[in-house]
Amino acid sequence: MSQIFGDTDDKRALYEALTRYNYFPNQRANIGELPPSLDTRQFTPEVAEEIAKLEEIRGRRKSGYDLVEYKATRYNNVPRVLGLVHPKGYSLLVKCIHDNWEHLKCVTENENSIIKPEFHQSEKRLVVMNYEEPFVKISRSHSSSFAKRYRVHADIANCFNSIYSHSIAWAGVGIQEAKTQQDDKRTWFNALDMYQCKTKRNETQGIPIGSAASSIVSELILGKIDGALKSKGYVFHRYIDDYTCYCVTSEDAQNFIQDLANSLAIYKLTLNLKKTSIIELPAAFEDEWVLDLKSALPSRLGSAGENEPKISADEALTFLNKAIGINKSTPDGSVLKYAISLIINYLDEDANVSLLEALLNLAWHYPVLLPLFDKLLGKVEINAGIFEQQLNVIIQENADKFRSDGMSWPLHTMLTNNVIPKKETAEKVIASGDCVAITLLLEMHDFNAMIVEFANTIIAGDDNYEKDSYWLLLYQLYLKDLLIDEPYTDKVFRCLKKHKVNFIPRNTKTKAEINCDKIQSEMTSNALKTVFSEVTIPAVNKNPDEDSAVF
């Protein structure tokens, strides 16, 4: 059950979600964008507040901060660049969001947005990209499409990278008022614009992809576009930057596309024409390749219960072969990833092992499958050491192609299974210059000298932007006392280290984390006291005759 933010107590959950659980890219429901070794749970609201209050060194107010890039490979092996924002820039931004939540909480109330910021109790996250149960999706489609003849699909072109920061103010208070007060940095909307810019070199074009803070900003802007479309009577929903609308006539469908394009243009956004289409109804609710995959599943999975036989090795490999064939003829869709996700929880013991080997072979071609390999490995009692050779080869291949996830996920698997990469593999990782992969390699300890040598070449330069693009690695080295000098003079790293913040934490808790637990416990206790104080206890009837009459 999701709980929408509102009162003061919820603002604490908001702050923790922004800092501890949705700082680094971590929005997917089951398997996160980053390997789980990377964790921001020790970056608490109190740490963020202290960093935000640190005085910025000369030049930083105008230059802002750069970020660590993480190249996440998609189904077609084209990377999507996610951002790990510098702690100073992020602290300023999330403090601004928290302090001005009364102006921003409208993003939680948009009925047309399927993925909107809301508090997810179990994960403590603010944004979770849940791809919905098929029944929910089909049910909504039935409801929305009744008595309609056309379905429109439209996608915003390069949405996050195209967002114009000044449009934050336009969405917040309207274009006219925003322009009237554009020089007043004390206003909440101009402050939000300014701090958003700071997270990305003070540039006004594009916002980092991955944090909940960026999702709030995008939802603020797109929510205004949704409102304009809703006022025209359109029946539609939006999944992040992807619109689906149901129309009575072809003319209505064309008008929706035009009205959407016009509304986007107001905020300097555009439609992706290649992903814009009008489909005559009735039409299938799911893509043909999805239907083909589901039809290839063992029939008993359609009503699988606890007593149903698990999928055997032969069945799993037959299904995977079918998926490989569909994948070759389907250029638009993560066929193999979806196929494996359909069966991964229903495999018997032999099938788990057989699929592990097949999955690792496929992962060399498609790095997007590596998180599923790691998940499956965690289900069986097999140490990753038996796959040491293959994992080394995969890391080397992806280092040559500069794929962050293709290096980071197998390094995470090795790290959690106490497997050390070959020296040649480590050299390739360092040569790739990938910050997240090198930072994970640092946890192996065997390659510290090589990594410190690489880091010193970054520190030796005068370019703060270059340091920022490696801030995670430089901080982890600083935390481990492996650097002679502090890379920056702004005391941000010093503050993080004082609070023992570790972005690859183990099982220990910092004082800042314990303090968060204490605050949460006190809030829960106070909430329970309030509930019990409001319960009216009926007076006890002392008249025995009346008692007898009642019973």
# chains A, B, ... in the order shown; residues from 1 in each chain; ligands from 1

$ closest_atom_pairs --of "range 5-91 of chain A" --to "range 183-206 of chain A" --cutoff "6 Å" --atoms "only C-alpha atoms" --output "JSON lines"
{"residue": "A:Ser63", "atom": "CA", "partner": "A:Asn202", "partner_atom": "CA", "distance": 5.7}
{"residue": "A:Gly64", "atom": "CA", "partner": "A:Lys198", "partner_atom": "CA", "distance": 4.2}
{"residue": "A:Tyr65", "atom": "CA", "partner": "A:Arg201", "partner_atom": "CA", "distance": 4.9}
{"residue": "A:Asp66", "atom": "CA", "partner": "A:Arg201", "partner_atom": "CA", "distance": 5.2}
{"residue": "A:Gly89", "atom": "CA", "partner": "A:Thr199", "partner_atom": "CA", "distance": 4.9}

$ select_by_dssp --residues "range 243-470 of chain A" --states "alpha helix (DSSP H)" --output "JSON, numbers by chain"
{"A": [250, 251, 252, 253, 254, 255, 256, 257, 258, 259, 260, 261, 262, 263, 264, 265, 266, 288, 289, 290, 291, 292, 293, 294, 295, 313, 314, 315, 316, 317, 318, 319, 320, 321, 322, 323, 324, 325, 326, 327, 328, 329, 335, 336, 337, 338, 339, 340, 341, 342, 343, 349, 350, 351, 352, 353, 354, 355, 356, 357, 358, 359, 360, 361, 362, 363, 364, 365, 370, 371, 372, 373, 374, 375, 376, 377, 378, 379, 388, 389, 390, 391, 392, 393, 394, 395, 396, 397, 398, 399, 400, 404, 405, 406, 407, 408, 409, 410, 411, 412, 413, 414, 415, 416, 423, 424, 425, 426, 427, 428, 429, 430, 431, 432, 435, 436, 437, 438, 439, 440, 441, 442, 448, 449, 450, 451, 452, 453, 454, 455, 456, 457, 458, 459, 460, 464, 465, 466, 467, 468]}

$ residues_around --residues "Arg238 in chain A" --least-positions-apart "2" --cutoff "12 Å" --atoms "only C-alpha atoms" --output "ChimeraX atom specification"
/A:110-116,152-156,219,222-223,225-227,229-230,235-236,240-245,260

$ closest_residue --among "A:Leu18, A:Cys96, A:Ile278, A:Leu271" --to "Ser162 in chain A" --atoms "only C-alpha atoms"
A:Leu271

$ residues_around --residues "Pro421 in chain A" --least-positions-apart "2" --cutoff "9 Å" --atoms "only C-alpha atoms" --output "compact mmCIF listing (two decimals) with N, CA, C and O atoms, in the first residue's frame"
# COMPACT_ATOMS: atom_id res chain seq x y z
N GLU A 388 34.20 -17.90 -12.72
CA GLU A 388 35.23 -16.86 -12.67
C GLU A 388 35.74 -16.50 -14.06
O GLU A 388 35.87 -15.32 -14.39
N GLN A 389 36.03 -17.49 -14.88
CA GLN A 389 36.57 -17.24 -16.21
C GLN A 389 35.59 -16.44 -17.06
O GLN A 389 35.96 -15.44 -17.69
N LEU A 391 33.06 -14.55 -16.08
CA LEU A 391 32.84 -13.21 -15.53
C LEU A 391 33.98 -12.27 -15.91
O LEU A 391 33.76 -11.10 -16.24
N ASN A 392 35.20 -12.78 -15.87
CA ASN A 392 36.35 -11.97 -16.29
C ASN A 392 36.23 -11.56 -17.75
O ASN A 392 36.48 -10.41 -18.12
N LEU A 411 31.23 -7.34 -11.36
CA LEU A 411 32.11 -6.99 -10.24
C LEU A 411 31.37 -7.10 -8.92
O LEU A 411 31.93 -7.58 -7.92
N MET A 414 31.13 -10.77 -8.12
CA MET A 414 32.41 -11.25 -7.61
C MET A 414 32.63 -10.78 -6.17
O MET A 414 33.06 -11.56 -5.31
N VAL A 419 35.23 -13.40 -4.94
CA VAL A 419 36.00 -13.80 -6.12
C VAL A 419 36.79 -12.58 -6.59
O VAL A 419 36.22 -11.50 -6.76
N LYS A 423 44.24 -9.73 -12.88
CA LYS A 423 44.92 -8.44 -13.00
C LYS A 423 44.62 -7.78 -14.34
O LYS A 423 44.40 -6.58 -14.42
N GLU A 424 44.58 -8.60 -15.39
CA GLU A 424 44.28 -8.07 -16.72
C GLU A 424 42.89 -7.43 -16.75
O GLU A 424 42.68 -6.38 -17.38
N THR A 425 41.95 -8.05 -16.06
CA THR A 425 40.58 -7.51 -15.98
C THR A 425 40.59 -6.18 -15.25
O THR A 425 39.96 -5.20 -15.69
N ALA A 426 41.29 -6.13 -14.12
CA ALA A 426 41.36 -4.89 -13.33
C ALA A 426 41.99 -3.77 -14.15
O ALA A 426 41.53 -2.61 -14.10
N LEU A 441 35.74 -2.08 -7.88
CA LEU A 441 37.03 -2.77 -7.91
C LEU A 441 37.86 -2.43 -6.68
O LEU A 441 38.60 -3.27 -6.15
N MET A 444 37.85 -4.69 -3.67
CA MET A 444 38.57 -5.98 -3.73
C MET A 444 39.92 -5.88 -3.00
O MET A 444 40.52 -6.91 -2.67

$ residues_around --residues "Gln42 in chain A" --least-positions-apart "5" --cutoff "8 Å" --atoms "only C-alpha atoms" --output "number ranges by chain"
A: 20, 500-503, 505, 509-510, 512-513

$ write_last_selection --atoms "C-alpha atoms" --output "PDB file, in the first residue's frame"
ATOM      1  CA  ARG A  20      18.698   7.464   1.849  1.00  0.00           C
ATOM      2  CA  LYS A 500      31.153   7.685   8.446  1.00  0.00           C
ATOM      3  CA  VAL A 501      29.043   7.702   5.304  1.00  0.00           C
ATOM      4  CA  ASN A 502      30.047   4.772   3.114  1.00  0.00           C
ATOM      5  CA  PHE A 503      28.412   4.395  -0.296  1.00  0.00           C
ATOM      6  CA  PRO A 505      28.326  -0.082   3.204  1.00  0.00           C
ATOM      7  CA  LYS A 509      25.106   1.113  11.173  1.00  0.00           C
ATOM      8  CA  THR A 510      26.406   4.648  11.552  1.00  0.00           C
ATOM      9  CA  ALA A 512      23.376   8.980  11.656  1.00  0.00           C
ATOM     10  CA  GLU A 513      21.449   5.822  10.677  1.00  0.00           C
TER      11      GLU A 513
END

$ residues_around --residues "Phe24 in chain A" --least-positions-apart "2" --cutoff "6 Å" --atoms "only C-alpha atoms" --output "list of chain:residue names"
A:Asn22, A:Asn26, A:Leu84, A:Ser211

$ write_last_selection --atoms "N, CA, C and O atoms" --output "short mmCIF file (atom, residue, chain, number, x, y, z; two decimals), in the first residue's frame"
data_model
loop_
_atom_site.label_atom_id
_atom_site.label_comp_id
_atom_site.auth_asym_id
_atom_site.auth_seq_id
_atom_site.Cartn_x
_atom_site.Cartn_y
_atom_site.Cartn_z
N ASN A 22 16.39 7.08 -2.52
CA ASN A 22 16.21 7.46 -3.93
C ASN A 22 17.22 8.51 -4.37
O ASN A 22 16.92 9.35 -5.21
N ASN A 26 17.64 4.37 -8.32
CA ASN A 26 17.11 3.20 -7.63
C ASN A 26 15.59 3.27 -7.67
O ASN A 26 14.93 3.44 -6.65
N LEU A 84 24.84 10.08 -10.98
CA LEU A 84 25.07 10.06 -9.53
C LEU A 84 25.54 11.45 -9.15
O LEU A 84 26.70 11.81 -9.34
N SER A 211 17.56 10.10 -9.91
CA SER A 211 17.18 10.40 -8.52
C SER A 211 15.70 10.76 -8.44
O SER A 211 15.09 11.18 -9.43
#

$ closest_residue --among "A:Asp481, A:Asp10, A:Glu251, A:Glu381" --to "Val353 in chain A" --atoms "only C-alpha atoms"
A:Glu381

$ residues_around --residues "range 279-291 of chain A" --least-positions-apart "2" --cutoff "12 Å" --atoms "only C-alpha atoms" --output "NGL selection string"
:A and (134-142 or 145-154 or 244-250 or 253-254 or 276-277 or 293-297 or 322-339 or 342)

$ closest_residue --among "A:Leu34, A:Ala265, A:Leu415, A:Ile458" --to "Asp446 in chain A" --atoms "only C-alpha atoms"
A:Leu415

$ closest_residue --among "A:Phe119, A:Tyr346, A:Tyr267, A:Tyr366" --to "Ile163 in chain A" --atoms "only C-alpha atoms"
A:Tyr267

$ closest_residue --among "A:His445, A:Lys497, A:Lys105, A:Lys401" --to "Asn418 in chain A" --atoms "only C-alpha atoms"
A:His445

$ closest_residue --among "A:Pro410, A:Gln396, A:Glu102, A:Ala157" --to "Phe373 in chain A" --atoms "only C-alpha atoms"
A:Pro410

$ select_by_dssp --residues "range 246-462 of chain A" --states "strand (DSSP E)" --output "MDAnalysis selection string"
chainID A and resid 246:247 277:280

$ decode --residues "range 259-275 of chain A" --atoms "all heavy atoms" --output "PDB file, in the first residue's frame"
ATOM      1  N   ASP A 259      -2.520  18.816 -29.737  1.00  0.00           N
ATOM      2  CA  ASP A 259      -2.611  19.530 -28.450  1.00  0.00           C
ATOM      3  C   ASP A 259      -1.460  19.141 -27.525  1.00  0.00           C
ATOM      4  O   ASP A 259      -0.933  19.992 -26.786  1.00  0.00           O
ATOM      5  CB  ASP A 259      -3.954  19.231 -27.776  1.00  0.00           C
ATOM      6  CG  ASP A 259      -5.115  19.951 -28.444  1.00  0.00           C
ATOM      7  OD1 ASP A 259      -4.866  20.989 -29.103  1.00  0.00           O
ATOM      8  OD2 ASP A 259      -6.267  19.480 -28.323  1.00  0.00           O
ATOM      9  N   LEU A 260      -1.076  17.865 -27.550  1.00  0.00           N
ATOM     10  CA  LEU A 260       0.070  17.437 -26.746  1.00  0.00           C
ATOM     11  C   LEU A 260       1.347  18.121 -27.228  1.00  0.00           C
ATOM     12  O   LEU A 260       2.137  18.630 -26.414  1.00  0.00           O
ATOM     13  CB  LEU A 260       0.222  15.913 -26.808  1.00  0.00           C
ATOM     14  CG  LEU A 260       1.464  15.310 -26.134  1.00  0.00           C
ATOM     15  CD1 LEU A 260       1.535  15.708 -24.662  1.00  0.00           C
ATOM     16  CD2 LEU A 260       1.466  13.781 -26.278  1.00  0.00           C
ATOM     17  N   ALA A 261       1.535  18.153 -28.529  1.00  0.00           N
ATOM     18  CA  ALA A 261       2.725  18.804 -29.093  1.00  0.00           C
ATOM     19  C   ALA A 261       2.761  20.288 -28.726  1.00  0.00           C
ATOM     20  O   ALA A 261       3.825  20.821 -28.369  1.00  0.00           O
ATOM     21  CB  ALA A 261       2.745  18.630 -30.612  1.00  0.00           C
ATOM     22  N   ASN A 262       1.615  20.958 -28.802  1.00  0.00           N
ATOM     23  CA  ASN A 262       1.553  22.386 -28.458  1.00  0.00           C
ATOM     24  C   ASN A 262       1.849  22.616 -26.981  1.00  0.00           C
ATOM     25  O   ASN A 262       2.553  23.569 -26.621  1.00  0.00           O
ATOM     26  CB  ASN A 262       0.167  22.948 -28.803  1.00  0.00           C
ATOM     27  CG  ASN A 262      -0.082  22.997 -30.303  1.00  0.00           C
ATOM     28  OD1 ASN A 262       0.859  22.948 -31.096  1.00  0.00           O
ATOM     29  ND2 ASN A 262      -1.352  23.094 -30.696  1.00  0.00           N
ATOM     30  N   SER A 263       1.302  21.756 -26.112  1.00  0.00           N
ATOM     31  CA  SER A 263       1.532  21.904 -24.668  1.00  0.00           C
ATOM     32  C   SER A 263       2.994  21.640 -24.323  1.00  0.00           C
ATOM     33  O   SER A 263       3.579  22.327 -23.470  1.00  0.00           O
ATOM     34  CB  SER A 263       0.626  20.935 -23.893  1.00  0.00           C
ATOM     35  OG  SER A 263      -0.729  21.249 -24.074  1.00  0.00           O
ATOM     36  N   LEU A 264       3.591  20.642 -24.969  1.00  0.00           N
ATOM     37  CA  LEU A 264       5.004  20.357 -24.744  1.00  0.00           C
ATOM     38  C   LEU A 264       5.868  21.533 -25.183  1.00  0.00           C
ATOM     39  O   LEU A 264       6.842  21.891 -24.504  1.00  0.00           O
ATOM     40  CB  LEU A 264       5.420  19.097 -25.512  1.00  0.00           C
ATOM     41  CG  LEU A 264       4.890  17.757 -25.007  1.00  0.00           C
ATOM     42  CD1 LEU A 264       5.191  16.649 -26.009  1.00  0.00           C
ATOM     43  CD2 LEU A 264       5.504  17.408 -23.649  1.00  0.00           C
ATOM     44  N   ALA A 265       5.514  22.142 -26.313  1.00  0.00           N
ATOM     45  CA  ALA A 265       6.305  23.243 -26.860  1.00  0.00           C
ATOM     46  C   ALA A 265       6.365  24.427 -25.903  1.00  0.00           C
ATOM     47  O   ALA A 265       7.371  25.142 -25.854  1.00  0.00           O
ATOM     48  CB  ALA A 265       5.729  23.688 -28.202  1.00  0.00           C
ATOM     49  N   ILE A 266       5.307  24.631 -25.127  1.00  0.00           N
ATOM     50  CA  ILE A 266       5.299  25.728 -24.150  1.00  0.00           C
ATOM     51  C   ILE A 266       6.448  25.572 -23.168  1.00  0.00           C
ATOM     52  O   ILE A 266       7.052  26.559 -22.726  1.00  0.00           O
ATOM     53  CB  ILE A 266       3.950  25.752 -23.397  1.00  0.00           C
ATOM     54  CG1 ILE A 266       2.825  26.154 -24.359  1.00  0.00           C
ATOM     55  CG2 ILE A 266       4.008  26.708 -22.205  1.00  0.00           C
ATOM     56  CD1 ILE A 266       1.436  26.015 -23.769  1.00  0.00           C
ATOM     57  N   TYR A 267       6.782  24.320 -22.845  1.00  0.00           N
ATOM     58  CA  TYR A 267       7.861  24.029 -21.891  1.00  0.00           C
ATOM     59  C   TYR A 267       9.130  23.568 -22.600  1.00  0.00           C
ATOM     60  O   TYR A 267      10.005  22.958 -21.987  1.00  0.00           O
ATOM     61  CB  TYR A 267       7.386  22.984 -20.885  1.00  0.00           C
ATOM     62  CG  TYR A 267       6.229  23.477 -20.049  1.00  0.00           C
ATOM     63  CD1 TYR A 267       4.911  23.211 -20.424  1.00  0.00           C
ATOM     64  CD2 TYR A 267       6.451  24.240 -18.914  1.00  0.00           C
ATOM     65  CE1 TYR A 267       3.848  23.689 -19.673  1.00  0.00           C
ATOM     66  CE2 TYR A 267       5.402  24.716 -18.148  1.00  0.00           C
ATOM     67  CZ  TYR A 267       4.100  24.444 -18.536  1.00  0.00           C
ATOM     68  OH  TYR A 267       3.048  24.933 -17.796  1.00  0.00           O
ATOM     69  N   LYS A 268       9.207  23.854 -23.904  1.00  0.00           N
ATOM     70  CA  LYS A 268      10.392  23.561 -24.723  1.00  0.00           C
ATOM     71  C   LYS A 268      10.690  22.065 -24.829  1.00  0.00           C
ATOM     72  O   LYS A 268      11.842  21.639 -24.874  1.00  0.00           O
ATOM     73  CB  LYS A 268      11.615  24.331 -24.216  1.00  0.00           C
ATOM     74  CG  LYS A 268      11.485  25.854 -24.328  1.00  0.00           C
ATOM     75  CD  LYS A 268      12.787  26.554 -24.014  1.00  0.00           C
ATOM     76  CE  LYS A 268      12.660  28.062 -24.187  1.00  0.00           C
ATOM     77  NZ  LYS A 268      12.403  28.458 -25.582  1.00  0.00           N
ATOM     78  N   LEU A 269       9.637  21.266 -24.865  1.00  0.00           N
ATOM     79  CA  LEU A 269       9.756  19.831 -25.080  1.00  0.00           C
ATOM     80  C   LEU A 269       9.108  19.475 -26.417  1.00  0.00           C
ATOM     81  O   LEU A 269       8.285  20.224 -26.932  1.00  0.00           O
ATOM     82  CB  LEU A 269       9.076  19.056 -23.945  1.00  0.00           C
ATOM     83  CG  LEU A 269       9.683  19.232 -22.546  1.00  0.00           C
ATOM     84  CD1 LEU A 269       8.789  18.621 -21.496  1.00  0.00           C
ATOM     85  CD2 LEU A 269      11.080  18.620 -22.480  1.00  0.00           C
ATOM     86  N   THR A 270       9.475  18.308 -26.965  1.00  0.00           N
ATOM     87  CA  THR A 270       8.943  17.906 -28.271  1.00  0.00           C
ATOM     88  C   THR A 270       8.525  16.445 -28.255  1.00  0.00           C
ATOM     89  O   THR A 270       8.965  15.658 -27.407  1.00  0.00           O
ATOM     90  CB  THR A 270       9.987  18.098 -29.393  1.00  0.00           C
ATOM     91  OG1 THR A 270      11.159  17.323 -29.070  1.00  0.00           O
ATOM     92  CG2 THR A 270      10.371  19.565 -29.541  1.00  0.00           C
ATOM     93  N   LEU A 271       7.675  16.076 -29.229  1.00  0.00           N
ATOM     94  CA  LEU A 271       7.259  14.687 -29.394  1.00  0.00           C
ATOM     95  C   LEU A 271       8.324  13.889 -30.135  1.00  0.00           C
ATOM     96  O   LEU A 271       9.016  14.421 -30.996  1.00  0.00           O
ATOM     97  CB  LEU A 271       5.959  14.616 -30.192  1.00  0.00           C
ATOM     98  CG  LEU A 271       4.642  14.824 -29.445  1.00  0.00           C
ATOM     99  CD1 LEU A 271       3.480  14.788 -30.437  1.00  0.00           C
ATOM    100  CD2 LEU A 271       4.450  13.757 -28.370  1.00  0.00           C
ATOM    101  N   ASN A 272       8.405  12.619 -29.804  1.00  0.00           N
ATOM    102  CA  ASN A 272       9.221  11.682 -30.572  1.00  0.00           C
ATOM    103  C   ASN A 272       8.317  11.106 -31.667  1.00  0.00           C
ATOM    104  O   ASN A 272       7.489  10.231 -31.415  1.00  0.00           O
ATOM    105  CB  ASN A 272       9.755  10.569 -29.673  1.00  0.00           C
ATOM    106  CG  ASN A 272      10.674   9.616 -30.395  1.00  0.00           C
ATOM    107  OD1 ASN A 272      10.681   9.545 -31.616  1.00  0.00           O
ATOM    108  ND2 ASN A 272      11.458   8.866 -29.634  1.00  0.00           N
ATOM    109  N   LEU A 273       8.452  11.612 -32.874  1.00  0.00           N
ATOM    110  CA  LEU A 273       7.547  11.235 -33.959  1.00  0.00           C
ATOM    111  C   LEU A 273       7.654   9.756 -34.308  1.00  0.00           C
ATOM    112  O   LEU A 273       6.687   9.147 -34.761  1.00  0.00           O
ATOM    113  CB  LEU A 273       7.824  12.094 -35.192  1.00  0.00           C
ATOM    114  CG  LEU A 273       7.562  13.603 -35.010  1.00  0.00           C
ATOM    115  CD1 LEU A 273       7.873  14.348 -36.293  1.00  0.00           C
ATOM    116  CD2 LEU A 273       6.118  13.849 -34.573  1.00  0.00           C
ATOM    117  N   LYS A 274       8.832   9.157 -34.110  1.00  0.00           N
ATOM    118  CA  LYS A 274       9.006   7.742 -34.417  1.00  0.00           C
ATOM    119  C   LYS A 274       8.201   6.849 -33.477  1.00  0.00           C
ATOM    120  O   LYS A 274       7.897   5.702 -33.809  1.00  0.00           O
ATOM    121  CB  LYS A 274      10.485   7.363 -34.348  1.00  0.00           C
ATOM    122  CG  LYS A 274      11.338   7.980 -35.454  1.00  0.00           C
ATOM    123  CD  LYS A 274      12.788   7.519 -35.350  1.00  0.00           C
ATOM    124  CE  LYS A 274      13.631   8.110 -36.469  1.00  0.00           C
ATOM    125  NZ  LYS A 274      15.061   7.681 -36.377  1.00  0.00           N
ATOM    126  N   LYS A 275       7.875   7.360 -32.292  1.00  0.00           N
ATOM    127  CA  LYS A 275       7.123   6.576 -31.313  1.00  0.00           C
ATOM    128  C   LYS A 275       5.704   7.106 -31.123  1.00  0.00           C
ATOM    129  O   LYS A 275       5.073   6.858 -30.087  1.00  0.00           O
ATOM    130  CB  LYS A 275       7.865   6.558 -29.976  1.00  0.00           C
ATOM    131  CG  LYS A 275       9.178   5.801 -30.014  1.00  0.00           C
ATOM    132  CD  LYS A 275       9.776   5.668 -28.628  1.00  0.00           C
ATOM    133  CE  LYS A 275      11.047   4.837 -28.655  1.00  0.00           C
ATOM    134  NZ  LYS A 275      11.641   4.684 -27.301  1.00  0.00           N
TER     135      LYS A 275
END
